[in-house]
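This report refers to the structure that appears directly beneath it.
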Amino acid sequence: MKVQNFGENTLFVQDRIKEGDIDVPSIAAELGVSRTRVYQIIARLGHSMGQKYASWRCRQCGMAHRGTPRAFCSRHCGEKYYHPTLVCAVCGNDFTRKRGLVRYRYKMFAKQVCSIACRNALLASYARMKKG
Ligand SMILES: [Zn+2]
Ligand SMILES: [Zn+2]
């Protein structure tokens, strides 16, 4: 039977906070618990640690902040992370696209394009290259 050892987990998280390394996903992975659990532990520790709360970094801008650790320091940073601004490889326009789509849908081109029209232009240029 697996014993829920909350005490050791709490100590582990406390050490990480002291080191200023509050990367919740990696802590959760190392402990083999859910991220929610890690946040609960941090919240509990934060409650007793008061103002001595360690800093955490925003995933988008990398700025250090104090207080309850979050992935992003602001809504703006969250939006920027999930909708990064990209430059179209065909027309050079700035555009934003959901992060998931950036990674998967357009991976095959290894280039970012803003629209279907630009994608078609890119495909056409590849086709011309192939012909010689
Ligand atoms: Zn930020
Ligand atoms: Zn374009």
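In the structure tokens, chains take the letters A, B, ... in the order shown, each chain's residues start at 1, and ligands count up from 1 in the order shown.
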
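All residues, whether protein, DNA or RNA, that have an atom at most 8 Å from ligand 1 (counting only C-alpha atoms and all ligand atoms) are Arg57, Cys58, Arg59, Gln60, Cys61, Gly62, Met63, Phe72, Cys73, Ser74, His76, Cys77 and Gly78 of chain A.
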
Excluding Ile27 (chain A) and residues on its chain fewer than 3 positions from it, collect all residues at most 12 Å away from it, counting only C-alpha atoms, and give them as a PDB file with N, CA and C atoms, in the first residue's frame.
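Resulting contents of out.pdb:
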ATOM      1  N   ASN A   9       7.058  15.622   0.986  1.00  0.00           N
ATOM      2  CA  ASN A   9       6.779  16.481  -0.171  1.00  0.00           C
ATOM      3  C   ASN A   9       6.868  17.946   0.215  1.00  0.00           C
ATOM      4  N   THR A  10       6.313  18.253   1.363  1.00  0.00           N
ATOM      5  CA  THR A  10       6.312  19.633   1.833  1.00  0.00           C
ATOM      6  C   THR A  10       7.743  20.120   2.040  1.00  0.00           C
ATOM      7  N   LEU A  11       8.577  19.274   2.627  1.00  0.00           N
ATOM      8  CA  LEU A  11       9.975  19.638   2.845  1.00  0.00           C
ATOM      9  C   LEU A  11      10.688  19.872   1.515  1.00  0.00           C
ATOM     10  N   PHE A  12      10.411  18.996   0.563  1.00  0.00           N
ATOM     11  CA  PHE A  12      11.021  19.108  -0.765  1.00  0.00           C
ATOM     12  C   PHE A  12      10.653  20.448  -1.404  1.00  0.00           C
ATOM     13  N   VAL A  13       9.366  20.761  -1.363  1.00  0.00           N
ATOM     14  CA  VAL A  13       8.892  22.016  -1.959  1.00  0.00           C
ATOM     15  C   VAL A  13       9.507  23.204  -1.225  1.00  0.00           C
ATOM     16  N   GLN A  14       9.599  23.085   0.086  1.00  0.00           N
ATOM     17  CA  GLN A  14      10.174  24.160   0.886  1.00  0.00           C
ATOM     18  C   GLN A  14      11.622  24.434   0.466  1.00  0.00           C
ATOM     19  N   ASP A  15      12.365  23.345   0.234  1.00  0.00           N
ATOM     20  CA  ASP A  15      13.754  23.505  -0.218  1.00  0.00           C
ATOM     21  C   ASP A  15      13.811  24.238  -1.544  1.00  0.00           C
ATOM     22  N   ARG A  16      12.927  23.831  -2.451  1.00  0.00           N
ATOM     23  CA  ARG A  16      12.914  24.463  -3.777  1.00  0.00           C
ATOM     24  C   ARG A  16      12.586  25.942  -3.664  1.00  0.00           C
ATOM     25  N   ILE A  17      11.664  26.267  -2.798  1.00  0.00           N
ATOM     26  CA  ILE A  17      11.281  27.672  -2.614  1.00  0.00           C
ATOM     27  C   ILE A  17      12.473  28.459  -2.069  1.00  0.00           C
ATOM     28  N   ASP A  21      13.597  28.307  -6.765  1.00  0.00           N
ATOM     29  CA  ASP A  21      13.316  27.534  -7.974  1.00  0.00           C
ATOM     30  C   ASP A  21      11.920  26.927  -7.881  1.00  0.00           C
ATOM     31  N   ILE A  22      10.921  27.766  -8.136  1.00  0.00           N
ATOM     32  CA  ILE A  22       9.556  27.247  -8.024  1.00  0.00           C
ATOM     33  C   ILE A  22       9.023  26.930  -9.416  1.00  0.00           C
ATOM     34  N   ASP A  23       9.530  25.870  -9.985  1.00  0.00           N
ATOM     35  CA  ASP A  23       9.021  25.438 -11.281  1.00  0.00           C
ATOM     36  C   ASP A  23       8.021  24.320 -11.006  1.00  0.00           C
ATOM     37  N   VAL A  24       6.766  24.690 -10.895  1.00  0.00           N
ATOM     38  CA  VAL A  24       5.753  23.749 -10.421  1.00  0.00           C
ATOM     39  C   VAL A  24       5.686  22.463 -11.253  1.00  0.00           C
ATOM     40  N   GLU A  30       8.933  15.513 -10.279  1.00  0.00           N
ATOM     41  CA  GLU A  30       9.900  14.883  -9.388  1.00  0.00           C
ATOM     42  C   GLU A  30       9.230  14.182  -8.216  1.00  0.00           C
ATOM     43  N   LEU A  31       8.157  14.777  -7.726  1.00  0.00           N
ATOM     44  CA  LEU A  31       7.469  14.184  -6.580  1.00  0.00           C
ATOM     45  C   LEU A  31       6.458  13.126  -6.997  1.00  0.00           C
ATOM     46  N   GLY A  32       6.089  13.148  -8.287  1.00  0.00           N
ATOM     47  CA  GLY A  32       5.084  12.208  -8.754  1.00  0.00           C
ATOM     48  C   GLY A  32       3.700  12.555  -8.229  1.00  0.00           C
ATOM     49  N   VAL A  33       3.449  13.852  -8.062  1.00  0.00           N
ATOM     50  CA  VAL A  33       2.122  14.295  -7.632  1.00  0.00           C
ATOM     51  C   VAL A  33       1.574  15.270  -8.673  1.00  0.00           C
ATOM     52  N   SER A  34       0.325  15.636  -8.533  1.00  0.00           N
ATOM     53  CA  SER A  34      -0.278  16.565  -9.488  1.00  0.00           C
ATOM     54  C   SER A  34       0.207  17.993  -9.210  1.00  0.00           C
ATOM     55  N   ARG A  35       0.087  18.840 -10.255  1.00  0.00           N
ATOM     56  CA  ARG A  35       0.484  20.241 -10.085  1.00  0.00           C
ATOM     57  C   ARG A  35      -0.395  20.927  -9.043  1.00  0.00           C
ATOM     58  N   THR A  36      -1.649  20.523  -9.034  1.00  0.00           N
ATOM     59  CA  THR A  36      -2.578  21.107  -8.068  1.00  0.00           C
ATOM     60  C   THR A  36      -2.067  20.857  -6.653  1.00  0.00           C
ATOM     61  N   ARG A  37      -1.574  19.649  -6.423  1.00  0.00           N
ATOM     62  CA  ARG A  37      -1.038  19.290  -5.122  1.00  0.00           C
ATOM     63  C   ARG A  37       0.140  20.192  -4.775  1.00  0.00           C
ATOM     64  N   VAL A  38       1.034  20.408  -5.759  1.00  0.00           N
ATOM     65  CA  VAL A  38       2.203  21.264  -5.518  1.00  0.00           C
ATOM     66  C   VAL A  38       1.750  22.678  -5.150  1.00  0.00           C
ATOM     67  N   TYR A  39       0.749  23.188  -5.879  1.00  0.00           N
ATOM     68  CA  TYR A  39       0.242  24.539  -5.577  1.00  0.00           C
ATOM     69  C   TYR A  39      -0.344  24.588  -4.168  1.00  0.00           C
ATOM     70  N   ILE A  41       0.619  22.746  -1.653  1.00  0.00           N
ATOM     71  CA  ILE A  41       1.732  22.753  -0.705  1.00  0.00           C
ATOM     72  C   ILE A  41       2.341  24.153  -0.620  1.00  0.00           C
ATOM     73  N   ILE A  42       2.552  24.772  -1.808  1.00  0.00           N
ATOM     74  CA  ILE A  42       3.132  26.116  -1.841  1.00  0.00           C
ATOM     75  C   ILE A  42       2.236  27.105  -1.101  1.00  0.00           C
TER      76      ILE A  42
END

Closest atom pairs, residues of chain A within 9 Å of ligand 2, only C-alpha atoms and all ligand atoms, as JSON lines:
{"residue": "A:Val87", "atom": "CA", "partner": "ligand 2", "partner_atom_place_in_ligand_line": "1 (Zn)", "distance": 7.9}
{"residue": "A:Cys88", "atom": "CA", "partner": "ligand 2", "partner_atom_place_in_ligand_line": "1 (Zn)", "distance": 4.7}
{"residue": "A:Ala89", "atom": "CA", "partner": "ligand 2", "partner_atom_place_in_ligand_line": "1 (Zn)", "distance": 6.6}
{"residue": "A:Val90", "atom": "CA", "partner": "ligand 2", "partner_atom_place_in_ligand_line": "1 (Zn)", "distance": 5.0}
{"residue": "A:Cys91", "atom": "CA", "partner": "ligand 2", "partner_atom_place_in_ligand_line": "1 (Zn)", "distance": 4.1}
{"residue": "A:Gly92", "atom": "CA", "partner": "ligand 2", "partner_atom_place_in_ligand_line": "1 (Zn)", "distance": 6.0}
{"residue": "A:Asn93", "atom": "CA", "partner": "ligand 2", "partner_atom_place_in_ligand_line": "1 (Zn)", "distance": 5.7}
{"residue": "A:Asp94", "atom": "CA", "partner": "ligand 2", "partner_atom_place_in_ligand_line": "1 (Zn)", "distance": 8.2}
{"residue": "A:Phe95", "atom": "CA", "partner": "ligand 2", "partner_atom_place_in_ligand_line": "1 (Zn)", "distance": 8.3}
{"residue": "A:Gln112", "atom": "CA", "partner": "ligand 2", "partner_atom_place_in_ligand_line": "1 (Zn)", "distance": 8.5}
{"residue": "A:Val113", "atom": "CA", "partner": "ligand 2", "partner_atom_place_in_ligand_line": "1 (Zn)", "distance": 5.2}
{"residue": "A:Cys114", "atom": "CA", "partner": "ligand 2", "partner_atom_place_in_ligand_line": "1 (Zn)", "distance": 4.2}
{"residue": "A:Ser115", "atom": "CA", "partner": "ligand 2", "partner_atom_place_in_ligand_line": "1 (Zn)", "distance": 5.7}
{"residue": "A:Ile116", "atom": "CA", "partner": "ligand 2", "partner_atom_place_in_ligand_line": "1 (Zn)", "distance": 8.4}
{"residue": "A:Ala117", "atom": "CA", "partner": "ligand 2", "partner_atom_place_in_ligand_line": "1 (Zn)", "distance": 7.3}
{"residue": "A:Cys118", "atom": "CA", "partner": "ligand 2", "partner_atom_place_in_ligand_line": "1 (Zn)", "distance": 4.7}
{"residue": "A:Arg119", "atom": "CA", "partner": "ligand 2", "partner_atom_place_in_ligand_line": "1 (Zn)", "distance": 7.6}
{"residue": "A:Ala121", "atom": "CA", "partner": "ligand 2", "partner_atom_place_in_ligand_line": "1 (Zn)", "distance": 8.9}

Could the residues in this selection be saved with N, CA and C atoms as a compact mmCIF listing (two decimals), in the first residue's frame?
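That gives us selection05.txt:
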# COMPACT_ATOMS: atom_id res chain seq x y z
N VAL A 87 6.47 36.31 -37.57
CA VAL A 87 6.62 37.06 -38.81
C VAL A 87 6.41 36.10 -39.96
N CYS A 88 5.52 36.46 -40.87
CA CYS A 88 5.22 35.59 -41.99
C CYS A 88 6.45 35.45 -42.89
N ALA A 89 6.78 34.22 -43.26
CA ALA A 89 7.96 33.95 -44.07
C ALA A 89 7.75 34.39 -45.52
N VAL A 90 6.50 34.63 -45.89
CA VAL A 90 6.22 34.99 -47.29
C VAL A 90 6.05 36.50 -47.44
N CYS A 91 5.09 37.09 -46.70
CA CYS A 91 4.82 38.52 -46.90
C CYS A 91 5.49 39.40 -45.85
N GLY A 92 6.05 38.82 -44.80
CA GLY A 92 6.77 39.62 -43.80
C GLY A 92 5.88 40.30 -42.78
N ASN A 93 4.57 40.06 -42.84
CA ASN A 93 3.65 40.66 -41.86
C ASN A 93 3.77 39.99 -40.51
N ASP A 94 3.54 40.79 -39.45
CA ASP A 94 3.42 40.22 -38.11
C ASP A 94 2.04 39.59 -37.99
N PHE A 95 1.97 38.48 -37.33
CA PHE A 95 0.67 37.89 -37.06
C PHE A 95 0.77 37.05 -35.81
N GLN A 112 6.87 29.97 -40.75
CA GLN A 112 5.56 30.43 -40.33
C GLN A 112 4.93 31.28 -41.42
N VAL A 113 3.68 31.02 -41.70
CA VAL A 113 2.98 31.84 -42.68
C VAL A 113 1.69 32.37 -42.06
N CYS A 114 1.26 33.57 -42.52
CA CYS A 114 0.15 34.25 -41.86
C CYS A 114 -1.20 33.78 -42.36
N SER A 115 -1.27 33.25 -43.56
CA SER A 115 -2.58 32.96 -44.14
C SER A 115 -2.49 31.79 -45.10
N ILE A 116 -3.65 31.32 -45.52
CA ILE A 116 -3.71 30.24 -46.51
C ILE A 116 -3.02 30.70 -47.80
N ALA A 117 -3.27 31.97 -48.18
CA ALA A 117 -2.68 32.48 -49.41
C ALA A 117 -1.16 32.42 -49.36
N CYS A 118 -0.60 32.83 -48.20
CA CYS A 118 0.86 32.81 -48.06
C CYS A 118 1.38 31.38 -48.00
N ARG A 119 0.58 30.50 -47.38
CA ARG A 119 0.98 29.10 -47.32
C ARG A 119 1.04 28.53 -48.74
N ALA A 121 1.54 30.19 -51.44
CA ALA A 121 2.69 30.80 -52.12
C ALA A 121 3.98 30.07 -51.74

Got a sec: who's within 7 Å of Thr96 (chain A), counting only C-alpha atoms, leaving out chain neighbours fewer than 3 positions off, as a ChimeraX atom specification? /A:83-86

With C-alpha atoms retained, could you export that selection as a PDB file, in the first residue's frame?
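Writing the result to result.pdb gives the following:
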ATOM      1  CA  HIS A  83      -0.534  33.643 -29.009  1.00  0.00           C
ATOM      2  CA  PRO A  84       3.047  34.489 -29.915  1.00  0.00           C
ATOM      3  CA  THR A  85       3.684  37.163 -32.516  1.00  0.00           C
ATOM      4  CA  LEU A  86       5.309  35.653 -35.564  1.00  0.00           C
TER       5      LEU A  86
END

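Distance-wise, CA of Ser125 (chain A) and CA of Tyr82 (chain A) end up 29.5 Å apart.
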
Closest of A:Arg97, A:Leu123, A:Ala43, A:Pro25 to Tyr81 (chain A) - atom-to-atom distances counting only C-alpha atoms: A:Arg97

I need the helix (DSSP H, G or I) residues of region 23-81 of chain A per DSSP on the backbone, written as a ChimeraX atom specification. /A:24-31,35-52,75-81

Those selected residues, please, written with N, CA and C atoms and delivered as a CSV table (one decimal), in the first residue's frame.
chain,number,residue,atom,x,y,z
A,24,VAL,N,6.8,24.7,-10.9
A,24,VAL,CA,5.8,23.7,-10.4
A,24,VAL,C,5.7,22.5,-11.3
A,25,PRO,N,5.7,22.5,-12.6
A,25,PRO,CA,5.6,21.3,-13.4
A,25,PRO,C,6.8,20.3,-13.0
A,26,SER,N,8.0,20.9,-12.9
A,26,SER,CA,9.1,20.0,-12.6
A,26,SER,C,9.1,19.4,-11.2
A,27,ILE,N,8.6,20.3,-10.3
A,27,ILE,CA,8.5,19.8,-8.9
A,27,ILE,C,7.4,18.6,-8.9
A,28,ALA,N,6.3,18.9,-9.6
A,28,ALA,CA,5.3,17.8,-9.6
A,28,ALA,C,5.8,16.6,-10.2
A,29,ALA,N,6.6,16.7,-11.3
A,29,ALA,CA,7.1,15.5,-11.9
A,29,ALA,C,8.1,14.7,-11.0
A,30,GLU,N,8.9,15.5,-10.3
A,30,GLU,CA,9.9,14.9,-9.4
A,30,GLU,C,9.2,14.2,-8.2
A,31,LEU,N,8.2,14.8,-7.7
A,31,LEU,CA,7.5,14.2,-6.6
A,31,LEU,C,6.5,13.1,-7.0
A,35,ARG,N,0.1,18.8,-10.3
A,35,ARG,CA,0.5,20.2,-10.1
A,35,ARG,C,-0.4,20.9,-9.0
A,36,THR,N,-1.6,20.5,-9.0
A,36,THR,CA,-2.6,21.1,-8.1
A,36,THR,C,-2.1,20.9,-6.7
A,37,ARG,N,-1.6,19.6,-6.4
A,37,ARG,CA,-1.0,19.3,-5.1
A,37,ARG,C,0.1,20.2,-4.8
A,38,VAL,N,1.0,20.4,-5.8
A,38,VAL,CA,2.2,21.3,-5.5
A,38,VAL,C,1.8,22.7,-5.1
A,39,TYR,N,0.7,23.2,-5.9
A,39,TYR,CA,0.2,24.5,-5.6
A,39,TYR,C,-0.3,24.6,-4.2
A,40,GLN,N,-1.0,23.5,-3.8
A,40,GLN,CA,-1.6,23.4,-2.4
A,40,GLN,C,-0.5,23.5,-1.4
A,41,ILE,N,0.6,22.7,-1.7
A,41,ILE,CA,1.7,22.8,-0.7
A,41,ILE,C,2.3,24.2,-0.6
A,42,ILE,N,2.6,24.8,-1.8
A,42,ILE,CA,3.1,26.1,-1.8
A,42,ILE,C,2.2,27.1,-1.1
A,43,ALA,N,0.9,27.0,-1.3
A,43,ALA,CA,0.0,27.9,-0.7
A,43,ALA,C,0.1,27.7,0.8
A,44,ARG,N,0.2,26.5,1.3
A,44,ARG,CA,0.3,26.2,2.7
A,44,ARG,C,1.6,26.8,3.3
A,45,LEU,N,2.7,26.6,2.5
A,45,LEU,CA,4.0,27.1,3.0
A,45,LEU,C,3.9,28.6,3.0
A,46,GLY,N,3.3,29.2,1.9
A,46,GLY,CA,3.3,30.6,1.8
A,46,GLY,C,2.5,31.3,2.9
A,47,HIS,N,1.5,30.5,3.4
A,47,HIS,CA,0.7,31.0,4.5
A,47,HIS,C,1.5,31.2,5.7
A,48,SER,N,2.5,30.2,6.0
A,48,SER,CA,3.3,30.3,7.2
A,48,SER,C,4.6,31.1,7.0
A,49,MET,N,5.0,31.2,5.7
A,49,MET,CA,6.2,31.9,5.4
A,49,MET,C,6.0,33.4,5.3
A,50,GLY,N,4.8,33.9,5.1
A,50,GLY,CA,4.5,35.3,5.1
A,50,GLY,C,5.3,36.0,4.0
A,51,GLN,N,5.9,37.1,4.4
A,51,GLN,CA,6.6,38.0,3.4
A,51,GLN,C,7.9,37.4,2.9
A,52,LYS,N,8.4,36.3,3.5
A,52,LYS,CA,9.7,35.7,3.1
A,52,LYS,C,9.5,34.9,1.8
A,75,ARG,N,-2.0,38.9,-17.4
A,75,ARG,CA,-2.8,38.4,-18.4
A,75,ARG,C,-2.1,38.6,-19.8
A,76,HIS,N,-1.5,39.8,-19.9
A,76,HIS,CA,-0.8,40.1,-21.1
A,76,HIS,C,0.3,39.1,-21.5
A,77,CYS,N,1.1,38.7,-20.5
A,77,CYS,CA,2.1,37.7,-20.7
A,77,CYS,C,1.5,36.4,-21.1
A,78,GLY,N,0.4,36.0,-20.5
A,78,GLY,CA,-0.2,34.7,-20.8
A,78,GLY,C,-0.7,34.7,-22.2
A,79,GLU,N,-1.3,35.8,-22.6
A,79,GLU,CA,-1.8,35.9,-24.0
A,79,GLU,C,-0.6,35.8,-25.0
A,80,LYS,N,0.4,36.5,-24.6
A,80,LYS,CA,1.6,36.6,-25.5
A,80,LYS,C,2.2,35.2,-25.7
A,81,TYR,N,2.2,34.4,-24.6
A,81,TYR,CA,2.8,33.1,-24.6
A,81,TYR,C,2.0,32.2,-25.5
